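For reference, input.cif is printed below; it contains mmCIF, C-alpha atoms.
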data_work
loop_
_atom_site.label_atom_id
_atom_site.label_comp_id
_atom_site.auth_asym_id
_atom_site.auth_seq_id
_atom_site.Cartn_x
_atom_site.Cartn_y
_atom_site.Cartn_z
CA MET X 392 10.28 -4.51 -2.17
CA PRO X 393 7.07 -6.01 -0.78
CA HIS X 394 4.99 -8.22 -3.06
CA PRO X 395 2.66 -6.21 -5.37
CA LEU X 396 -0.39 -7.98 -3.94
CA LEU X 397 0.56 -6.77 -0.47
CA HIS X 398 0.23 -3.19 -1.73
CA ILE X 399 -3.39 -3.98 -2.61
CA THR X 400 -3.93 -5.29 0.92
CA ALA X 401 -2.43 -2.09 2.33
CA VAL X 402 -4.79 0.14 0.32
CA ARG X 403 -7.78 -1.95 1.39
CA LEU X 404 -6.72 -1.47 5.03
CA LEU X 405 -6.19 2.23 4.48
CA GLU X 406 -9.67 2.48 2.98
CA ARG X 407 -11.31 1.51 6.27
CA ASP X 408 -8.72 2.87 8.69
CA GLU X 409 -10.32 5.05 11.36
CA ASN X 410 -7.32 7.35 11.52
CA VAL X 411 -7.04 8.59 7.93
CA HIS X 412 -7.66 12.20 6.94
CA PRO X 413 -11.32 12.67 5.83
CA LEU X 414 -10.32 13.76 2.30
CA VAL X 415 -8.06 10.74 1.97
CA SER X 416 -10.91 8.46 3.01
CA GLU X 417 -13.22 10.12 0.49
CA ALA X 418 -10.68 9.88 -2.33
CA VAL X 419 -10.01 6.18 -1.75
CA ARG X 420 -13.70 5.37 -1.39
CA ARG X 421 -14.82 7.20 -4.54
CA ARG X 422 -11.72 6.73 -6.69
CA ARG X 423 -10.59 3.37 -5.38
CA GLY X 424 -9.34 2.14 -8.75
CA LEU X 425 -7.01 5.11 -9.11
CA ALA X 426 -5.71 4.59 -5.57
CA LEU X 427 -4.90 0.99 -6.54
CA LEU X 428 -3.23 2.22 -9.74
CA GLY X 429 -1.06 4.56 -7.66
CA ALA X 430 -0.18 1.76 -5.24
CA LEU X 431 0.87 -0.60 -8.04
CA LEU X 432 2.35 1.96 -10.42
CA SER X 433 6.03 1.48 -9.53
CA ASP X 434 5.74 -2.31 -9.86
CA LEU X 435 3.71 -2.41 -13.09
CA PRO X 436 6.72 -2.70 -15.48
CA ARG X 437 7.43 -6.20 -14.12
CA PHE X 438 4.17 -7.44 -15.68
CA GLY X 439 4.54 -6.02 -19.19
CA ALA X 440 6.18 -9.11 -20.70
CA ILE X 441 3.84 -11.73 -19.21
CA SER X 442 2.28 -13.87 -21.92
CA LYS X 443 -0.97 -15.81 -21.80
CA ARG X 444 0.81 -18.79 -23.35
CA GLY X 445 4.00 -18.67 -21.28
CA GLY X 446 2.72 -20.71 -18.34
CA LEU X 447 4.09 -20.54 -14.81
CA GLY X 448 7.63 -21.18 -16.05
CA GLN X 449 8.00 -17.59 -17.25
CA LEU X 450 7.67 -16.37 -13.64
CA ALA X 451 10.54 -18.60 -12.52
CA ARG X 452 12.81 -17.32 -15.29
CA GLY X 453 12.49 -13.71 -14.23
CA LEU X 454 10.87 -10.97 -16.26
CA PRO X 455 12.18 -7.88 -18.04
CA GLY X 456 11.30 -4.43 -16.77
CA ALA X 457 13.59 -4.46 -13.73
CA GLU X 458 15.57 -1.42 -14.90
CA LEU X 459 12.51 0.83 -15.16
CA ARG X 460 11.11 -0.57 -11.93
CA ASP X 461 14.37 0.23 -10.12
CA ARG X 462 14.34 3.78 -11.50
CA LEU X 463 10.78 4.29 -10.27
CA HIS X 464 11.85 3.18 -6.78
CA GLY X 465 15.17 5.06 -6.72
CA ARG X 466 16.13 8.59 -5.76
CA GLY X 467 13.46 10.94 -7.01
CA ALA X 468 10.63 8.56 -6.07
CA VAL X 469 9.10 11.06 -3.63
CA ASN X 470 9.31 13.88 -6.16
CA LEU X 471 7.57 11.67 -8.73
CA GLY X 472 4.68 11.12 -6.33
CA LEU X 473 4.29 14.85 -5.73
CA GLU X 474 4.40 15.59 -9.46
CA LEU X 475 1.61 13.07 -10.03
CA MET X 476 -0.69 15.20 -7.88
CA LYS X 477 -0.05 18.53 -9.62
CA ASN X 478 -2.96 20.22 -11.33
CA GLU X 479 -2.27 19.44 -14.98
CA GLY X 480 -3.95 17.35 -17.63
CA GLU X 481 -7.54 16.18 -17.44
CA LEU X 482 -7.62 14.47 -14.04
CA GLY X 483 -9.61 16.28 -11.37
CA PRO X 484 -8.35 16.91 -7.82
CA LEU X 485 -10.08 13.93 -6.23
CA ALA X 486 -8.62 11.58 -8.85
CA ARG X 487 -5.11 13.01 -8.40
CA LEU X 488 -5.40 12.80 -4.62
CA ALA X 489 -6.44 9.13 -4.91
CA LEU X 490 -3.50 8.44 -7.22
CA GLY X 491 -1.16 10.14 -4.74
CA VAL X 492 -2.60 8.29 -1.75
CA GLY X 493 -1.96 4.95 -3.44
CA TYR X 494 1.51 6.01 -4.52
CA PHE X 495 2.56 7.16 -1.04
CA SER X 496 1.00 4.07 0.55
CA HIS X 497 3.36 2.09 -1.69
CA ALA X 498 6.30 4.31 -0.74
CA ALA X 499 5.55 3.96 2.98
CA LEU X 500 5.38 0.17 2.76
CA ASP X 501 8.50 -0.14 0.59
CA SER X 502 10.66 2.19 2.65
CA ALA X 503 9.76 0.44 5.90
CA LEU X 504 9.87 -3.20 4.73
CA HIS X 505 12.49 -3.29 1.98
CA PRO X 506 15.43 -3.07 4.43
CA VAL X 507 13.95 -6.12 6.19
CA VAL X 508 13.67 -8.09 2.95
CA ASP X 509 17.14 -6.97 1.87
CA LEU X 510 18.66 -8.31 5.10
CA LEU X 511 16.79 -11.63 4.77
CA VAL X 512 18.00 -12.06 1.19
CA ARG X 513 21.62 -11.46 2.21
CA LYS X 514 21.29 -14.15 4.89
CA ASP X 515 19.78 -16.60 2.40
CA LEU X 516 22.61 -15.97 -0.05
CA GLU X 517 25.22 -16.54 2.65
CA LEU X 518 23.63 -19.81 3.76
CA ALA X 519 22.53 -21.33 0.46
CA GLY X 520 23.88 -19.25 -2.42
CA GLY X 521 21.78 -18.93 -5.55
CA GLU X 522 20.31 -15.80 -7.10
CA ALA X 523 19.29 -12.77 -5.06
CA GLU X 524 16.24 -12.14 -7.24
CA VAL X 525 14.87 -15.62 -6.51
CA TRP X 526 15.33 -15.28 -2.75
CA HIS X 527 13.85 -11.80 -2.84
CA ALA X 528 10.71 -12.99 -4.65
CA ARG X 529 10.33 -15.89 -2.22
CA ALA X 530 10.58 -13.66 0.85
CA GLU X 531 8.05 -11.24 -0.65
CA LEU X 532 5.61 -14.06 -1.40
CA PHE X 533 5.59 -15.71 2.02
CA GLN X 534 5.39 -12.36 3.80
CA MET X 535 2.38 -11.40 1.67
CA LEU X 536 0.70 -14.78 2.21
CA HIS X 537 1.01 -14.45 5.98
CA LEU X 538 0.06 -10.78 6.33
CA HIS X 539 -2.92 -10.93 3.99
CA GLN X 540 -4.45 -13.94 5.73
CA ARG X 541 -3.59 -12.53 9.14
CA LEU X 542 -5.44 -9.28 8.43
CA SER X 543 -8.28 -10.44 6.20
CA GLY X 544 -8.90 -13.95 7.49
CA ARG X 545 -8.72 -15.33 3.96
CA ASP X 546 -6.01 -17.10 2.03
CA PRO X 547 -4.98 -14.82 -0.86
CA ASP X 548 -5.72 -17.55 -3.39
CA GLU X 549 -9.31 -17.68 -2.11
CA ASP X 550 -9.99 -13.95 -1.70
CA PRO X 551 -12.02 -12.82 -4.73
CA GLU X 552 -11.79 -9.14 -3.80
CA LEU X 553 -7.99 -9.25 -3.86
CA TRP X 554 -8.00 -10.56 -7.43
CA ARG X 555 -10.77 -8.19 -8.45
CA CYS X 556 -8.47 -5.34 -7.42
CA THR X 557 -5.87 -6.45 -9.98
CA ARG X 558 -8.26 -5.70 -12.86
CA LEU X 559 -7.01 -2.16 -13.40
CA GLU X 560 -8.15 -2.28 -17.02
CA GLU X 561 -11.68 -1.79 -15.66
CA VAL X 562 -10.79 1.38 -13.71
CA ASP X 563 -12.84 4.48 -14.49
CA GLN X 564 -10.80 7.24 -16.20
CA LEU X 565 -7.94 4.80 -16.82
CA ASP X 566 -6.99 6.33 -20.19
CA ARG X 567 -6.71 9.80 -18.68
CA ALA X 568 -4.78 8.44 -15.72
CA LEU X 569 -2.29 6.51 -17.87
CA PHE X 570 -1.68 9.53 -20.11
CA HIS X 571 -1.07 11.59 -16.97
CA VAL X 572 1.28 8.95 -15.53
CA ALA X 573 3.24 8.61 -18.79
CA THR X 574 3.64 12.39 -19.07
CA VAL X 575 4.81 12.86 -15.49
CA VAL X 576 7.18 9.85 -15.46
CA ALA X 577 8.84 10.97 -18.71
CA ARG X 578 9.31 14.48 -17.34
CA VAL X 579 10.67 13.41 -13.94
CA LEU X 580 12.94 10.61 -15.19
CA GLY X 581 14.01 12.38 -18.38
CA ASP X 582 12.46 9.62 -20.48
CA GLY X 583 9.98 6.84 -20.01
CA PRO X 584 7.42 4.58 -21.64
CA GLY X 585 4.46 6.10 -23.42
CA GLU X 586 0.79 5.71 -22.66
CA GLU X 587 0.48 2.54 -24.75
CA ALA X 588 3.35 0.91 -22.88
CA TRP X 589 1.69 1.68 -19.56
CA ARG X 590 -1.51 0.18 -20.92
CA GLY X 591 0.51 -2.93 -21.74
CA PHE X 592 1.79 -3.06 -18.15
CA VAL X 593 -1.81 -2.90 -16.86
CA ASP X 594 -2.90 -5.66 -19.24
CA GLY X 595 0.11 -7.71 -18.13
CA LEU X 596 -1.03 -7.43 -14.52
CA GLY X 597 -4.36 -8.90 -15.57
CA ARG X 598 -2.60 -11.78 -17.34
CA TYR X 599 -0.46 -12.37 -14.25
CA ALA X 600 -3.56 -12.55 -12.03
CA ALA X 601 -5.25 -15.01 -14.40
CA LEU X 602 -2.09 -17.12 -14.44
CA VAL X 603 -1.42 -17.40 -10.71
CA GLN X 604 -4.82 -17.10 -9.01
CA GLY X 605 -5.39 -20.28 -7.03
CA LYS X 606 -1.78 -21.41 -7.32
CA LEU X 607 0.37 -18.62 -5.90
CA ARG X 608 2.58 -20.94 -3.87
CA LYS X 609 3.31 -23.19 -6.83
CA ALA X 610 3.90 -20.22 -9.14
CA GLU X 611 6.29 -18.23 -6.94
CA GLY X 612 7.12 -20.21 -3.81
CA GLY X 613 8.90 -23.17 -5.34
CA LYS X 614 9.27 -26.15 -3.01
CA GLU X 615 9.79 -24.04 0.09
CA ASP X 616 8.31 -25.52 3.27
CA GLU X 617 5.72 -23.03 4.56
CA ASP X 618 6.48 -23.54 8.25
CA ASP X 619 10.18 -22.98 7.60
CA ALA X 620 9.43 -19.96 5.42
CA ARG X 621 7.18 -18.46 8.10
CA SER X 622 9.90 -18.89 10.68
CA ARG X 623 12.51 -17.16 8.51
CA TYR X 624 10.48 -14.47 6.76
CA VAL X 625 7.78 -13.61 9.32
CA THR X 626 8.34 -14.47 12.97
CA GLY X 627 12.14 -14.33 12.79
CA CYS X 628 12.13 -10.68 11.71
CA ASN X 629 9.11 -9.45 13.70
CA LEU X 630 7.35 -8.72 10.42
CA GLU X 631 3.88 -8.02 11.79
CA GLU X 632 4.96 -5.08 13.91
CA LYS X 633 7.04 -3.67 11.07
CA PHE X 634 3.97 -3.84 8.84
CA ILE X 635 1.90 -1.96 11.43
CA HIS X 636 4.64 0.66 11.53
CA ALA X 637 4.53 0.93 7.73
CA GLN X 638 0.75 1.41 7.75
CA ALA X 639 1.07 4.05 10.45
CA ARG X 640 3.58 5.81 8.22
CA ALA X 641 1.11 5.63 5.33
CA VAL X 642 -1.59 7.28 7.49
CA ALA X 643 0.78 10.08 8.49
CA TRP X 644 2.04 10.63 4.95
CA THR X 645 -1.35 10.55 3.27
CA GLY X 646 -2.67 12.83 6.01
CA ARG X 647 -0.26 15.44 4.72
CA LEU X 648 -1.69 15.00 1.25
CA GLY X 649 -5.22 15.45 2.58
CA LEU X 650 -4.24 18.68 4.30
CA ALA X 651 -2.63 19.98 1.11
CA PHE X 652 -5.87 19.36 -0.84
CA GLU X 653 -8.17 20.97 1.75
CA PRO X 654 -8.45 24.27 -0.20
CA GLY X 655 -10.11 22.25 -2.98
CA GLU X 656 -7.00 21.90 -5.11
CA LEU X 657 -3.28 21.28 -4.62
CA GLU X 658 -2.07 24.87 -4.79
CA ASP X 659 1.54 25.94 -5.25
CA LEU X 660 1.86 26.78 -1.56
CA GLY X 661 0.64 23.33 -0.55
CA LEU X 662 2.98 21.62 -3.03
CA THR X 663 5.92 23.65 -1.72
CA ALA X 664 5.04 22.65 1.84
CA LEU X 665 4.97 18.98 0.83
CA ARG X 666 8.35 19.28 -0.90
CA THR X 667 9.79 20.83 2.24
CA TRP X 668 8.35 18.16 4.47
CA PHE X 669 9.16 15.07 2.37
CA PRO X 670 12.91 14.48 2.03
CA ASP X 671 13.62 12.87 -1.31
CA GLY X 672 15.27 9.48 -1.27
CA SER X 673 15.09 5.92 -2.50
CA VAL X 674 12.21 3.84 -1.18
CA SER X 675 13.97 0.53 -1.88
CA GLY X 676 17.43 0.92 -0.39
CA PRO X 677 19.06 -1.22 2.31
CA GLU X 678 18.42 1.57 4.83
CA ASP X 679 15.20 3.41 5.70
CA PRO X 680 15.75 7.13 4.91
CA PHE X 681 12.52 8.27 6.58
CA THR X 682 12.80 6.98 10.15
CA ALA X 683 12.78 10.46 11.72
CA LEU X 684 9.90 11.84 9.64
CA VAL X 685 6.99 13.13 11.76
CA PRO X 686 7.40 10.79 14.72
CA GLY X 687 4.39 12.10 16.66
CA PRO X 688 1.42 11.40 14.39
CA GLU X 689 3.11 8.25 13.15
CA VAL X 690 3.40 6.88 16.68
CA ALA X 691 -0.20 7.86 17.37
CA ALA X 692 -1.43 6.09 14.25
CA HIS X 693 0.78 3.12 15.13
CA ARG X 694 -0.98 2.68 18.46
CA ASP X 695 -4.39 2.97 16.86
CA HIS X 696 -3.49 0.38 14.24
CA ALA X 697 -2.45 -1.97 17.02
CA ARG X 698 -5.94 -1.85 18.46
CA GLN X 699 -7.72 -2.05 15.11
CA TYR X 700 -5.70 -4.96 13.76
CA ARG X 701 -5.85 -6.89 17.02
CA ALA X 702 -9.63 -6.57 16.96
CA GLN X 703 -9.69 -7.81 13.36
CA ALA X 704 -7.51 -10.79 14.21
CA ASP X 705 -9.71 -11.64 17.22
CA ALA X 706 -12.79 -11.57 15.01
CA HIS X 707 -11.20 -13.80 12.39
CA ASN X 708 -10.10 -16.31 15.01
CA ALA X 709 -13.50 -16.43 16.68
CA GLN X 710 -15.58 -16.88 13.52
CA ASP X 711 -15.50 -19.00 10.42
CA HIS X 712 -13.04 -17.41 8.00
CA THR X 713 -15.06 -18.15 4.92
CA ALA X 714 -18.21 -16.57 6.32
CA VAL X 715 -16.32 -13.48 7.45
CA GLY X 716 -14.71 -13.06 4.05
CA ALA X 717 -18.00 -13.53 2.21
CA ARG X 718 -19.66 -10.85 4.29
CA ALA X 719 -16.74 -8.48 3.70
CA VAL X 720 -16.93 -9.00 -0.06
CA GLU X 721 -20.70 -8.46 -0.01
CA ALA X 722 -20.29 -5.26 2.01
CA GLN X 723 -17.66 -3.93 -0.38
CA GLU X 724 -19.86 -4.73 -3.37
CA ASN X 725 -22.77 -2.92 -1.74
CA THR X 726 -20.53 0.07 -1.05
CA ALA X 727 -19.40 0.09 -4.68
CA ASP X 728 -23.03 0.11 -5.81
CA GLU X 729 -23.78 3.06 -3.55
CA VAL X 730 -20.79 5.00 -4.86
CA GLU X 731 -21.83 4.35 -8.45
CA ALA X 732 -25.33 5.61 -7.71
CA ASP X 733 -24.12 8.74 -5.97
CA PRO X 734 -21.20 10.14 -7.99
CA ILE X 735 -19.28 13.18 -6.86
CA PRO X 736 -18.30 15.87 -9.37
CA GLU X 737 -14.65 15.34 -10.24
CA GLU X 738 -13.83 19.03 -9.93
CA GLU X 739 -15.18 19.33 -6.39
CA LEU X 740 -13.67 18.08 -3.18
CA PRO X 741 -15.90 17.55 -0.14
CA ALA X 742 -15.31 19.65 2.94
CA PRO X 743 -13.29 17.76 5.57
CA ALA X 744 -15.17 16.42 8.54
CA ALA X 745 -14.62 17.87 11.98
CA PRO X 746 -11.73 16.16 13.80
CA PRO X 747 -12.56 13.88 16.74
CA PRO X 748 -11.83 15.01 20.31
CA ARG X 749 -8.23 15.17 21.35
CA PRO X 750 -7.03 12.31 23.53
CA SER X 751 -5.46 12.41 26.95
CA PRO X 752 -1.71 11.74 27.23
CA ASP X 753 -0.74 8.16 26.57
CA GLU X 754 0.82 6.63 29.67
CA ALA X 755 3.12 4.30 27.77
CA THR X 756 4.82 6.89 25.57
CA GLY X 757 4.11 10.23 27.19
CA TRP X 758 2.90 11.46 23.82
CA ASN X 759 0.08 13.99 23.91
CA LEU X 760 -1.21 15.09 20.52
CA SER X 761 -2.69 18.31 21.91
CA THR X 762 0.62 19.60 23.24
CA GLY X 763 3.55 17.45 22.17
CA GLY X 764 5.44 16.72 19.00
CA PRO X 765 6.75 19.05 16.30
CA ALA X 766 5.66 22.65 16.71
CA ASP X 767 4.88 23.50 13.08
CA PRO X 768 1.15 24.12 12.40
CA VAL X 769 0.85 21.55 9.61
CA THR X 770 2.05 18.75 11.88
CA ALA X 771 -0.26 19.98 14.63
CA ALA X 772 -3.19 19.89 12.21
CA LEU X 773 -2.30 16.37 11.15
CA ALA X 774 -2.09 15.39 14.80
CA ASP X 775 -5.65 16.66 15.29
CA GLU X 776 -6.81 14.43 12.43
CA ALA X 777 -4.99 11.35 13.73
CA PRO X 778 -5.53 11.02 17.49
CA ALA X 779 -4.18 8.13 19.49
CA ALA X 780 -6.78 5.58 20.42
CA GLY X 781 -5.09 2.79 22.31
CA ASN X 782 -1.75 1.25 23.06
CA ALA X 783 -0.43 -2.34 23.13
CA VAL X 784 1.54 -2.00 19.92
CA ARG X 785 3.45 -5.19 20.47
CA GLU X 786 0.22 -7.03 21.21
CA ALA X 787 -1.23 -5.82 17.91
CA MET X 788 -1.56 -9.14 16.19
CA ARG X 789 -1.39 -11.54 19.09
CA PRO X 790 -5.00 -12.45 19.85
CA ALA X 791 -5.87 -14.97 22.49
CA GLY X 792 -7.23 -17.45 19.93
CA ARG X 793 -5.54 -19.44 17.22
CA VAL X 794 -3.42 -17.59 14.70
CA PRO X 795 -4.42 -18.66 11.17
CA LYS X 796 -1.64 -20.11 9.08
#
Encoded form using structure tokens:
Amino acid sequence: MPHPLLHITAVRLLERDENVHPLVSEAVRRRRGLALLGALLSDLPRFGAISKRGGLGQLARGLPGAELRDRLHGRGAVNLGLELMKNEGELGPLARLALGVGYFSHAALDSALHPVVDLLVRKDLELAGGEAEVWHARAELFQMLHLHQRLSGRDPDEDPELWRCTRLEEVDQLDRALFHVATVVARVLGDGPGEEAWRGFVDGLGRYAALVQGKLRKAEGGKEDEDDARSRYVTGCNLEEKFIHAQARAVAWTGRLGLAFEPGELEDLGLTALRTWFPDGSVSGPEDPFTALVPGPEVAAHRDHARQYRAQADAHNAQDHTAVGARAVEAQENTADEVEADPIPEEELPAPAAPPPRPSPDEATGWNLSTGGPADPVTAALADEAPAAGNAVREAMRPAGRVPK
């Protein structure tokens, strides 16, 4: 499974992705905290036992909560995400859509990257022995460190917005959301922790952030040489392109959710369509069970991400990283102030914006969103919302300038 902090990075990218469904963009912008809760939900049990007084040593010893975490990632994970979006309890449609967007962003990233991490861990065990959990955590850490800096231009330890996103205890409607989560998880799994336990997991995440901020490498990386780790866990497995693929998958998947909420609520017909479209399966197995799911829009989003992320990397290489990060934080804070001053009624969903013009066929793949791909109308509608806008997938993160370490 990818590092929990990488899921925060993925949601932040999704928030400003040009290819997302308009309702998805609105949900993440106005209910960002709930999108982050959805993205971290399956990993939260790992933080429940973290103590303020335990020091960094408690991270090295391993933490309880693995059994529940594995159940949340196992078979039934997709069904759990769909159940979280059903119209029940006190959460409005925009809040439930945001929760679902975060959850399926997590599922997209896990299902695409976990097989990579699993293979790397097996190689480490063959070469050096030891414990699989330790190698797994180390691979997750160095992949997160590289990808976050590569895409944001800031070292994770020095990115205040990243750590601000871990403060889920400050999320609006958190009590309602945790009651909803506890109810749904208990129903889907047959049993599960109550609302207070979930609150403890959220508080544990805050304690974890306070414990490791500024010293992530020391806390979780051990004495691993960073250049060696980058060679094994990043460049050696073509990680950057696999991450782009995972984000493209997240755009395609969350686009389906946006379509289902277009009537203003997730109706039974929309939920049935989602169940038909999403095959259920584990999101943390050694194989990716979703490789054939909606290839068209996913490929289109993949190409667009290549262009977007390459442009970001070029900008970060051409400018001072600290200045770029400071401006990004200031812009996000200004956006948050605007959202607070202009709230949207929870029971109302905004009308989706008109889709952009359809593109011409892409010469590299032969894919044309106006004519090609699956013939069902839902996929065609998603294709309209996610047009291709560029190629050069394999050049996605290879700017002409220096690549930040």
For this session: Extract, using only C-alpha atoms, all DNA, RNA and protein residues at most 9 Å from Arg407 of chain X, discarding same-chain residues fewer than 5 positions from it, and format them as a count of residues only.
Result: 3
Exercise. By how many Å are atom CA of Ile399 of chain X and atom CA of His497 of chain X apart?
Worked result: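 The value is 9.1 Å.
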Here's the selection I'm unsure about, the PyMOL selection byres ((chain X and resi 625) around 12); applied to the file above, which residues does it give, as a CSV table (one decimal) with C-alpha atoms, in the coordinates of the input?
chain,number,residue,atom,x,y,z
X,504,LEU,CA,9.9,-3.2,4.7
X,507,VAL,CA,14.0,-6.1,6.2
X,508,VAL,CA,13.7,-8.1,3.0
X,511,LEU,CA,16.8,-11.6,4.8
X,530,ALA,CA,10.6,-13.7,0.8
X,531,GLU,CA,8.0,-11.2,-0.6
X,532,LEU,CA,5.6,-14.1,-1.4
X,533,PHE,CA,5.6,-15.7,2.0
X,534,GLN,CA,5.4,-12.4,3.8
X,535,MET,CA,2.4,-11.4,1.7
X,536,LEU,CA,0.7,-14.8,2.2
X,537,HIS,CA,1.0,-14.4,6.0
X,538,LEU,CA,0.1,-10.8,6.3
X,541,ARG,CA,-3.6,-12.5,9.1
X,617,GLU,CA,5.7,-23.0,4.6
X,618,ASP,CA,6.5,-23.5,8.2
X,619,ASP,CA,10.2,-23.0,7.6
X,620,ALA,CA,9.4,-20.0,5.4
X,621,ARG,CA,7.2,-18.5,8.1
X,622,SER,CA,9.9,-18.9,10.7
X,623,ARG,CA,12.5,-17.2,8.5
X,624,TYR,CA,10.5,-14.5,6.8
X,626,THR,CA,8.3,-14.5,13.0
X,627,GLY,CA,12.1,-14.3,12.8
X,628,CYS,CA,12.1,-10.7,11.7
X,629,ASN,CA,9.1,-9.4,13.7
X,630,LEU,CA,7.4,-8.7,10.4
X,631,GLU,CA,3.9,-8.0,11.8
X,632,GLU,CA,5.0,-5.1,13.9
X,633,LYS,CA,7.0,-3.7,11.1
X,634,PHE,CA,4.0,-3.8,8.8
X,796,LYS,CA,-1.6,-20.1,9.1
Exercise. Exactly which residues make up the result of the PyMOL selection byres ((chain X and resi 439) around 9) on this file, given as a PyMOL selection string?
Worked result: chain X and resi 435-438+440-442+454-456+588-596
Problem set entry | Selection result of the PyMOL selection byres ((chain X and resi 604) around 10) on this file, as a VMD selection string | chain X and resid 547 to 551 553 to 554 599 to 603 605 to 608 610
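In this model, the gap between atom CA of Arg422 of chain X and atom CA of Gly585 of chain X comes to 23.3 Å.
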Exercise. When distances are computed from all atoms listed in the file, which of X:Glu658, X:Leu396, X:His412, X:Ala489 shows the smallest separation from Gly429 of chain X?
Worked result: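 Smallest separation from Gly429 of chain X among the options: X:Ala489.
Taking atom CA of Val562 of chain X and atom CA of Val419 of chain X as the two end points, the separation is 12.9 Å.
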Problem set entry | Contacts of Leu657 of chain X at 8 Å (all atoms listed in the file; same-chain gap of 2+ positions) as number ranges by chain | X: 476-478, 484, 651-652, 654-655, 659, 661-662
Quick one: write out the picked residues with C-alpha atoms as a PDB file, in the frame of the given file?
ATOM      1  CA  MET X 476      -0.690  15.200  -7.880  1.00  0.00           C
ATOM      2  CA  LYS X 477      -0.050  18.530  -9.620  1.00  0.00           C
ATOM      3  CA  ASN X 478      -2.960  20.220 -11.330  1.00  0.00           C
ATOM      4  CA  PRO X 484      -8.350  16.910  -7.820  1.00  0.00           C
ATOM      5  CA  ALA X 651      -2.630  19.980   1.110  1.00  0.00           C
ATOM      6  CA  PHE X 652      -5.870  19.360  -0.840  1.00  0.00           C
ATOM      7  CA  PRO X 654      -8.450  24.270  -0.200  1.00  0.00           C
ATOM      8  CA  GLY X 655     -10.110  22.250  -2.980  1.00  0.00           C
ATOM      9  CA  ASP X 659       1.540  25.940  -5.250  1.00  0.00           C
ATOM     10  CA  GLY X 661       0.640  23.330  -0.550  1.00  0.00           C
ATOM     11  CA  LEU X 662       2.980  21.620  -3.030  1.00  0.00           C
TER      12      LEU X 662
END
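When only C-alpha atoms are used to compute distances to Trp526 of chain X, the closest of the residues X:Glu611, X:Asp501, X:Glu586, X:Glu479 turns out to be X:Glu611.
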For this session: Find the residue from X:Pro413, X:Gly483, X:Gly467, X:Gly424 that sits nearest to Phe669 of chain X; use all atoms listed in the file when measuring.
Result: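 That would be X:Gly467, the residue with the smallest distance to Phe669 of chain X.
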Exercise. Of the candidates X:Val576, X:Leu431, X:Leu405, X:Ala457, which one gets nearest to Glu524 of chain X if we count all atoms listed in the file?
Worked result: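 With all atoms listed in the file as the atom set, the closest residue is X:Ala457.
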Exercise. With distances taken over all atoms listed in the file, which of X:Glu653, X:Glu522, X:Glu406, X:Glu481 is nearest to Arg421 of chain X?
Worked result: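 Once distances to Arg421 of chain X are computed over all atoms listed in the file, the minimum belongs to X:Glu406.
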